[in-house]
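So this one's run-v4.txt, compact mmCIF, C-alpha atoms:
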```
# COMPACT_ATOMS: atom_id res chain seq x y z
CA MET Z 1 8.82 -11.34 34.98
CA ASP Z 2 12.22 -12.35 36.33
CA PRO Z 3 14.02 -9.19 37.57
CA LEU Z 4 17.26 -10.43 36.00
CA ILE Z 5 15.59 -10.53 32.55
CA GLN Z 6 14.07 -7.11 33.19
CA THR Z 7 17.54 -5.75 33.98
CA LEU Z 8 19.42 -7.44 31.17
CA VAL Z 9 17.07 -7.19 28.19
CA PRO Z 10 16.86 -3.35 27.81
CA PRO Z 11 20.65 -2.79 27.43
CA ILE Z 12 20.88 -5.81 25.09
CA ILE Z 13 18.07 -4.37 22.91
CA ALA Z 14 19.71 -0.93 22.90
CA VAL Z 15 23.14 -2.31 21.96
CA MET Z 16 21.71 -4.61 19.26
CA ALA Z 17 19.61 -1.77 17.81
CA VAL Z 18 22.80 0.25 17.28
CA ALA Z 19 25.13 -2.65 16.44
CA VAL Z 20 23.11 -4.18 13.58
CA PRO Z 21 22.85 -0.96 11.50
CA ALA Z 22 26.48 -0.17 12.41
CA LEU Z 23 27.50 -3.53 10.88
CA VAL Z 24 25.68 -2.55 7.65
CA LEU Z 25 27.66 0.72 7.64
CA VAL Z 26 30.93 -1.19 8.11
CA ALA Z 27 30.02 -3.42 5.14
CA VAL Z 28 29.30 -0.33 2.99
CA ALA Z 29 32.62 1.20 4.09
CA ALA Z 30 34.40 -2.01 3.00
CA PHE Z 31 32.55 -1.80 -0.35
CA ALA Z 32 33.79 1.79 -0.78
CA ARG Z 33 37.37 0.79 0.15
CA ARG Z 34 37.27 -1.93 -2.50
CA ALA Z 35 36.14 0.63 -5.09
CA GLU Z 36 38.99 2.91 -4.00
CA ARG Z 37 41.52 0.08 -4.37
CA GLU Z 38 40.13 -0.83 -7.82
CA LEU Z 39 40.43 2.82 -8.85
CA ALA Z 40 44.01 3.00 -7.61
CA ALA Z 41 44.87 -0.24 -9.47
CA GLU Z 42 43.31 1.17 -12.67
CA ASP Z 43 45.41 4.34 -12.28
CA VAL Z 44 48.60 2.30 -11.79
CA SER Z 45 47.92 0.12 -14.88
CA ALA Z 46 47.06 3.22 -16.96
CA ALA Z 47 50.32 4.87 -15.85
CA ALA Z 48 52.27 1.67 -16.71
CA GLU Z 49 50.74 1.63 -20.21
CA ASP Z 50 51.81 5.25 -20.73
CA MET L 1 -9.32 4.66 4.95
CA SER L 2 -7.16 6.09 7.76
CA PHE L 3 -4.11 4.64 5.96
CA ILE L 4 -4.88 6.56 2.74
CA ASN L 5 -5.77 9.64 4.79
CA ALA L 6 -2.41 9.44 6.60
CA ILE L 7 -0.53 9.07 3.29
CA PHE L 8 -2.17 12.15 1.73
CA THR L 9 -1.88 14.20 4.91
CA ALA L 10 1.84 13.42 5.29
CA ALA L 11 2.64 13.87 1.58
CA LEU L 12 0.78 17.11 0.89
CA ASP L 13 -0.80 18.75 3.98
CA ASN L 14 2.14 18.21 6.33
CA ASN L 15 4.86 17.92 3.69
CA LEU L 16 8.05 17.27 5.64
CA VAL L 17 10.16 19.67 3.57
CA PHE L 18 7.92 22.58 2.61
CA THR L 19 5.41 22.67 5.46
CA GLN L 20 7.49 21.43 8.40
CA VAL L 21 10.82 22.75 6.97
CA ILE L 22 12.68 19.54 7.93
CA GLY L 23 15.41 18.38 5.56
CA LEU L 24 15.22 21.48 3.36
CA LEU L 25 19.03 21.73 3.19
CA SER L 26 19.47 18.24 1.75
CA VAL L 27 16.73 19.01 -0.82
CA ILE L 28 18.61 22.11 -2.00
CA VAL L 29 21.95 20.27 -2.09
CA LEU L 30 20.52 17.22 -3.94
CA ALA L 31 18.54 19.21 -6.52
CA GLY L 32 21.25 19.34 -9.18
CA ARG L 33 20.62 18.20 -12.76
CA PRO L 34 17.01 16.93 -13.02
CA THR L 35 17.91 13.37 -14.19
CA GLU L 36 20.38 12.92 -11.34
CA ALA L 37 18.12 14.73 -8.88
CA LEU L 38 15.26 12.33 -9.69
CA ARG L 39 17.48 9.37 -8.78
CA TYR L 40 18.44 10.98 -5.46
CA ALA L 41 14.80 12.01 -4.91
CA GLY L 42 13.84 8.34 -5.28
CA LEU L 43 16.59 7.27 -2.90
CA LEU L 44 15.67 9.89 -0.29
CA GLY L 45 11.92 9.20 -0.63
CA LEU L 46 12.36 5.42 -0.33
CA ALA L 47 14.78 5.86 2.57
CA THR L 48 12.34 8.20 4.38
CA ALA L 49 9.48 5.70 3.99
CA THR L 50 11.66 2.72 5.02
CA SER L 51 13.13 4.63 7.93
CA GLY L 52 9.65 5.65 9.07
CA VAL L 53 8.30 2.09 8.88
CA LEU L 54 11.34 0.37 10.45
CA GLY L 55 12.00 3.16 12.97
CA SER L 56 8.38 3.21 14.20
CA ALA L 57 8.27 -0.59 14.45
CA LEU L 58 11.57 -0.64 16.34
CA TYR L 59 10.41 2.11 18.69
CA ALA L 60 6.89 0.87 19.36
CA GLY L 61 7.85 -2.83 19.36
CA PHE L 62 11.14 -2.91 21.27
CA LEU L 63 12.53 0.38 22.58
CA ALA L 64 9.41 1.85 24.24
CA PRO L 65 8.04 -1.38 25.84
CA TRP L 66 11.44 -2.12 27.43
CA GLY L 67 11.89 1.43 28.74
CA THR L 68 14.75 2.33 26.39
CA GLY L 69 12.80 4.97 24.42
CA TYR L 70 15.35 7.61 25.46
CA PHE L 71 17.84 5.76 23.23
CA ALA L 72 15.69 6.26 20.12
CA PRO L 73 17.51 9.26 18.52
CA ALA L 74 20.91 7.49 18.63
CA VAL L 75 19.44 4.23 17.29
CA LEU L 76 17.47 6.00 14.54
CA VAL L 77 20.45 8.05 13.31
CA VAL L 78 22.56 4.90 12.82
CA LEU L 79 19.57 3.00 11.34
CA ASN L 80 18.88 5.82 8.84
CA ALA L 81 22.53 6.02 7.78
CA ALA L 82 22.57 2.22 7.30
CA ILE L 83 19.36 2.31 5.23
CA VAL L 84 20.63 5.05 2.87
CA CYS L 85 24.21 3.78 2.55
CA GLY L 86 23.00 0.17 2.10
CA ALA L 87 20.51 1.22 -0.60
CA ALA L 88 23.16 3.35 -2.35
CA ALA L 89 25.64 0.43 -2.28
CA VAL L 90 23.02 -1.88 -3.83
CA MET L 91 22.11 0.74 -6.48
CA ALA L 92 25.79 1.36 -7.33
CA ARG L 93 26.72 -2.34 -7.67
CA GLY L 94 27.04 -2.50 -11.46
CA LEU L 95 28.82 0.84 -11.93
CA SER L 96 32.53 1.47 -12.51
CA ALA L 97 34.80 2.01 -9.49
CA ALA L 98 34.89 5.81 -9.91
CA GLU L 99 31.09 6.09 -10.29
CA ARG L 100 30.57 3.76 -7.31
CA LEU L 101 32.77 5.94 -5.11
CA GLU L 102 30.98 9.11 -6.27
CA ALA L 103 27.55 7.55 -5.62
CA LEU L 104 28.58 6.47 -2.11
CA ARG L 105 30.08 9.91 -1.39
CA ARG L 106 26.88 11.65 -2.51
CA ALA L 107 24.75 9.20 -0.51
CA THR L 108 26.21 10.66 2.70
CA ILE L 109 24.03 13.77 2.13
CA PRO L 110 20.66 11.95 2.32
CA ALA L 111 22.15 9.60 4.98
CA VAL L 112 22.30 12.46 7.48
CA SER L 113 19.14 14.19 6.24
CA SER L 114 16.96 15.33 9.11
CA ALA L 115 13.89 14.32 7.05
CA LEU L 116 14.60 10.68 7.91
CA LEU L 117 15.00 11.36 11.61
CA GLY L 118 11.99 13.70 11.56
CA VAL L 119 9.47 11.09 10.38
CA SER L 120 10.70 8.38 12.79
CA LEU L 121 10.72 10.70 15.80
CA ALA L 122 7.31 12.18 14.91
CA ASN L 123 5.93 8.62 14.75
CA ALA L 124 7.63 7.84 18.09
CA VAL L 125 5.91 10.86 19.67
CA ALA L 126 2.56 9.73 18.22
CA ALA L 127 3.14 6.19 19.55
CA ASP L 128 3.94 7.61 23.01
CA ALA L 129 0.76 9.67 22.99
CA GLY L 130 -1.21 6.42 22.60
CA THR L 131 -3.41 7.84 19.86
CA ALA L 132 -1.48 6.24 16.97
CA THR L 133 -2.71 3.22 15.05
CA VAL L 134 -0.51 0.86 13.02
CA GLU L 135 -2.01 2.00 9.70
CA GLY L 136 -1.70 5.64 10.78
CA LEU L 137 2.02 5.24 11.56
CA MET L 138 2.71 3.28 8.35
CA GLY L 139 0.66 5.75 6.28
CA THR L 140 2.57 8.69 7.75
CA ALA L 141 5.91 6.99 6.99
CA ILE L 142 5.01 6.15 3.37
CA GLY L 143 3.32 9.53 2.82
CA SER L 144 6.38 11.35 4.16
CA GLY L 145 8.54 9.40 1.69
CA ILE L 146 6.25 10.42 -1.18
CA GLY L 147 6.29 14.02 0.12
CA VAL L 148 10.09 14.15 0.23
CA PHE L 149 10.31 12.62 -3.28
CA LEU L 150 7.86 15.26 -4.55
CA ALA L 151 9.83 18.01 -2.82
CA VAL L 152 13.21 17.09 -4.34
CA ALA L 153 11.78 16.28 -7.79
CA LEU L 154 9.61 19.43 -8.09
CA PHE L 155 12.30 21.65 -6.60
CA SER L 156 14.97 20.41 -9.05
CA LEU L 157 12.60 20.79 -12.03
CA ILE L 158 11.64 24.35 -11.05
CA ARG L 159 15.22 25.30 -10.12
CA ASN L 160 16.36 24.04 -13.53
CA ARG L 161 13.89 26.38 -15.27
CA VAL L 162 15.20 29.47 -13.48
CA ASP L 163 17.47 31.28 -15.92
CA ASP L 164 20.40 32.49 -13.80
CA THR L 165 21.34 35.21 -16.30
CA LEU L 166 17.98 36.92 -15.68
CA VAL L 167 18.40 36.78 -11.89
CA PRO L 168 19.94 39.89 -10.27
CA ARG L 169 23.60 39.24 -9.39
CA ALA L 170 22.99 39.50 -5.63
CA LEU L 171 20.31 36.79 -5.76
CA ARG L 172 22.17 34.21 -7.88
CA GLY L 173 22.88 30.78 -6.38
CA LEU L 174 21.62 30.00 -2.89
CA PRO L 175 19.43 33.14 -2.41
CA ILE L 176 17.28 32.41 -5.48
CA SER L 177 17.08 28.75 -4.38
CA LEU L 178 15.71 29.87 -1.01
CA VAL L 179 13.24 32.25 -2.71
CA THR L 180 12.13 29.32 -4.94
CA ALA L 181 11.75 27.09 -1.86
CA SER L 182 9.69 29.73 -0.05
CA LEU L 183 7.33 30.09 -3.03
CA MET L 184 6.95 26.30 -3.18
CA ALA L 185 6.19 26.29 0.56
CA LEU L 186 3.43 28.82 -0.14
CA ALA L 187 2.07 26.56 -2.89
CA PHE L 188 2.03 23.56 -0.53
CA SER L 189 0.32 25.57 2.22
CA GLY L 190 -2.36 26.42 -0.37
CA VAL L 191 -3.52 22.78 -0.44
CA ALA L 192 -3.12 22.24 3.34
CA GLY L 193 -6.17 20.50 4.77
CA ILE L 194 -7.66 19.64 1.38
CA ALA L 195 -5.76 16.45 0.49
CA GLY L 196 -6.14 14.73 3.87
CA GLY L 197 -9.66 16.01 4.34
CA MET L 198 -10.85 14.20 1.19
CA PHE L 199 -10.42 10.82 2.92
CA ALA L 200 -11.24 11.80 6.50
```

Written as structure tokens, that's how I'd like the structure from this file.
Amino acid sequence: MDPLIQTLVPPIIAVMAVAVPALVLVAVAAFARRAERELAAEDVSAAAED
Amino acid sequence: MSFINAIFTAALDNNLVFTQVIGLLSVIVLAGRPTEALRYAGLLGLATATSGVLGSALYAGFLAPWGTGYFAPAVLVVLNAAIVCGAAAVMARGLSAAERLEALRRATIPAVSSALLGVSLANAVAADAGTATVEGLMGTAIGSGIGVFLAVALFSLIRNRVDDTLVPRALRGLPISLVTASLMALAFSGVAGIAGGMFA
């Protein structure tokens, strides 16, 4: 096999193996932030009604 | 047959929680009210099985052949957290904002559970040894998931039946939980070798 491929592929695999699940975690964090914002908006509207 | 043997061995003989004492802390923390505990038991069991299957495939298919096996613990920790948090986000989709936040907060406990890392790393060690077969690795992963589900579900049901007012004051709370866990570990060691041996 080409030595360049042998040198480049392992770090690419390692970085991808961490980056893909990390992207899922970022998406879940965004989902949680949205829930937090919705909760804050609900609190503000409840306070305005009072 | 080796697939079924691996499932039974991992679920009962080598139960991750009560025989190998991996992930016991998350089991005690998650075993709250039985209805809620069953939901988290399902989440943790499914996550353990998924993590075992995906983690072993990732290790044996990509990391080990390319000489990056040393990177496995870091990769598996992030993968496990993504599996649990992703599953919790999907499960919490239809709930109200407050319930969604609570579900995601509570999902961080199984996300860092050592049970998930334990099954993937044990499979990685087996793959390195060269004795592992695909069905053996998959059976171990699925069996470990069933074993963890059984551990959380049974522990929460038994813990719920312990009347705290009859427990001596010094043993209330965590001590009686640990005594309960140790008795369950004894019960699991009682069937060690029987379940897997039936299909050997």

Per residue of chain Z within 6 Å of chain L, record the nearest atom pair and its distance in Å to one decimal, counting only C-alpha atoms, with rows in chain order and ascending residue number, as a tab-separated table.
```
residue	atom	partner	partner_atom	distance
Z:Pro10	CA	L:Trp66	CA	5.6
Z:Val18	CA	L:Val75	CA	5.2
Z:Pro21	CA	L:Leu79	CA	5.1
Z:Val24	CA	L:Ala82	CA	5.7
Z:Leu25	CA	L:Ala82	CA	5.3
Z:Ala35	CA	L:Ala97	CA	4.8
Z:Leu39	CA	L:Ala97	CA	5.7
```

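Near Gly145 (chain L), within a cut-off of 7 Å and counting only C-alpha atoms, sit the residues Gly45, Leu46, Thr48, Ala49, Ala141, Ile142, Gly143, Gly147, Val148 and Phe149 of chain L, with same-chain residues fewer than 2 positions away left out.
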
Prev. selection, C-alpha atoms, output as a CSV table (one decimal), keeping the file's coordinate frame:
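Saved result, out.csv, follows:
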```
chain,number,residue,atom,x,y,z
L,45,GLY,CA,11.9,9.2,-0.6
L,46,LEU,CA,12.4,5.4,-0.3
L,48,THR,CA,12.3,8.2,4.4
L,49,ALA,CA,9.5,5.7,4.0
L,141,ALA,CA,5.9,7.0,7.0
L,142,ILE,CA,5.0,6.2,3.4
L,143,GLY,CA,3.3,9.5,2.8
L,147,GLY,CA,6.3,14.0,0.1
L,148,VAL,CA,10.1,14.2,0.2
L,149,PHE,CA,10.3,12.6,-3.3
```

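What separates CA of Ala151 (chain L) from CA of Ser51 (chain L) is a distance of 17.5 Å.
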
For Pro34 (chain L), work out the shell of residues within 7 Å, counting only C-alpha atoms and skipping chain neighbours fewer than 3 positions away, then give it as a count of residues only. 4

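The two atoms in question, CA of Arg106 (chain L) and CA of Leu54 (chain L), are spaced 23.2 Å apart.
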
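When CA of Arg39 (chain L) is paired with CA of Ala192 (chain L), their separation reads 27.1 Å.
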
If you count all atoms listed in the file, which residues fall within 8 Å of Pro110 (chain L), apart from same-chain ones fewer than 2 positions away, as a PyMOL selection string? chain L and resi 26+44+84+106-108+112-113

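Each of L:Ala129, L:Leu166, L:Leu43, L:Ala153 was checked against Met91 (chain L) using only C-alpha atoms; the smallest atom-to-atom distance is that of L:Leu43.
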
Report as a ChimeraX atom specification all protein, DNA and RNA residues lying within 12 Å of Ala187 (chain L), evaluated on all atoms listed in the file, omitting residues in the same chain fewer than 3 positions from it. /L:12-13,15,18-19,151,154-155,180-184,190-192

Pick out the residues sitting within 7 Å of Ala124 (chain L), and hand them over as a ChimeraX atom specification; count only C-alpha atoms, and ignore anything fewer than 4 positions along from it in its own chain. /L:56,59,120,128
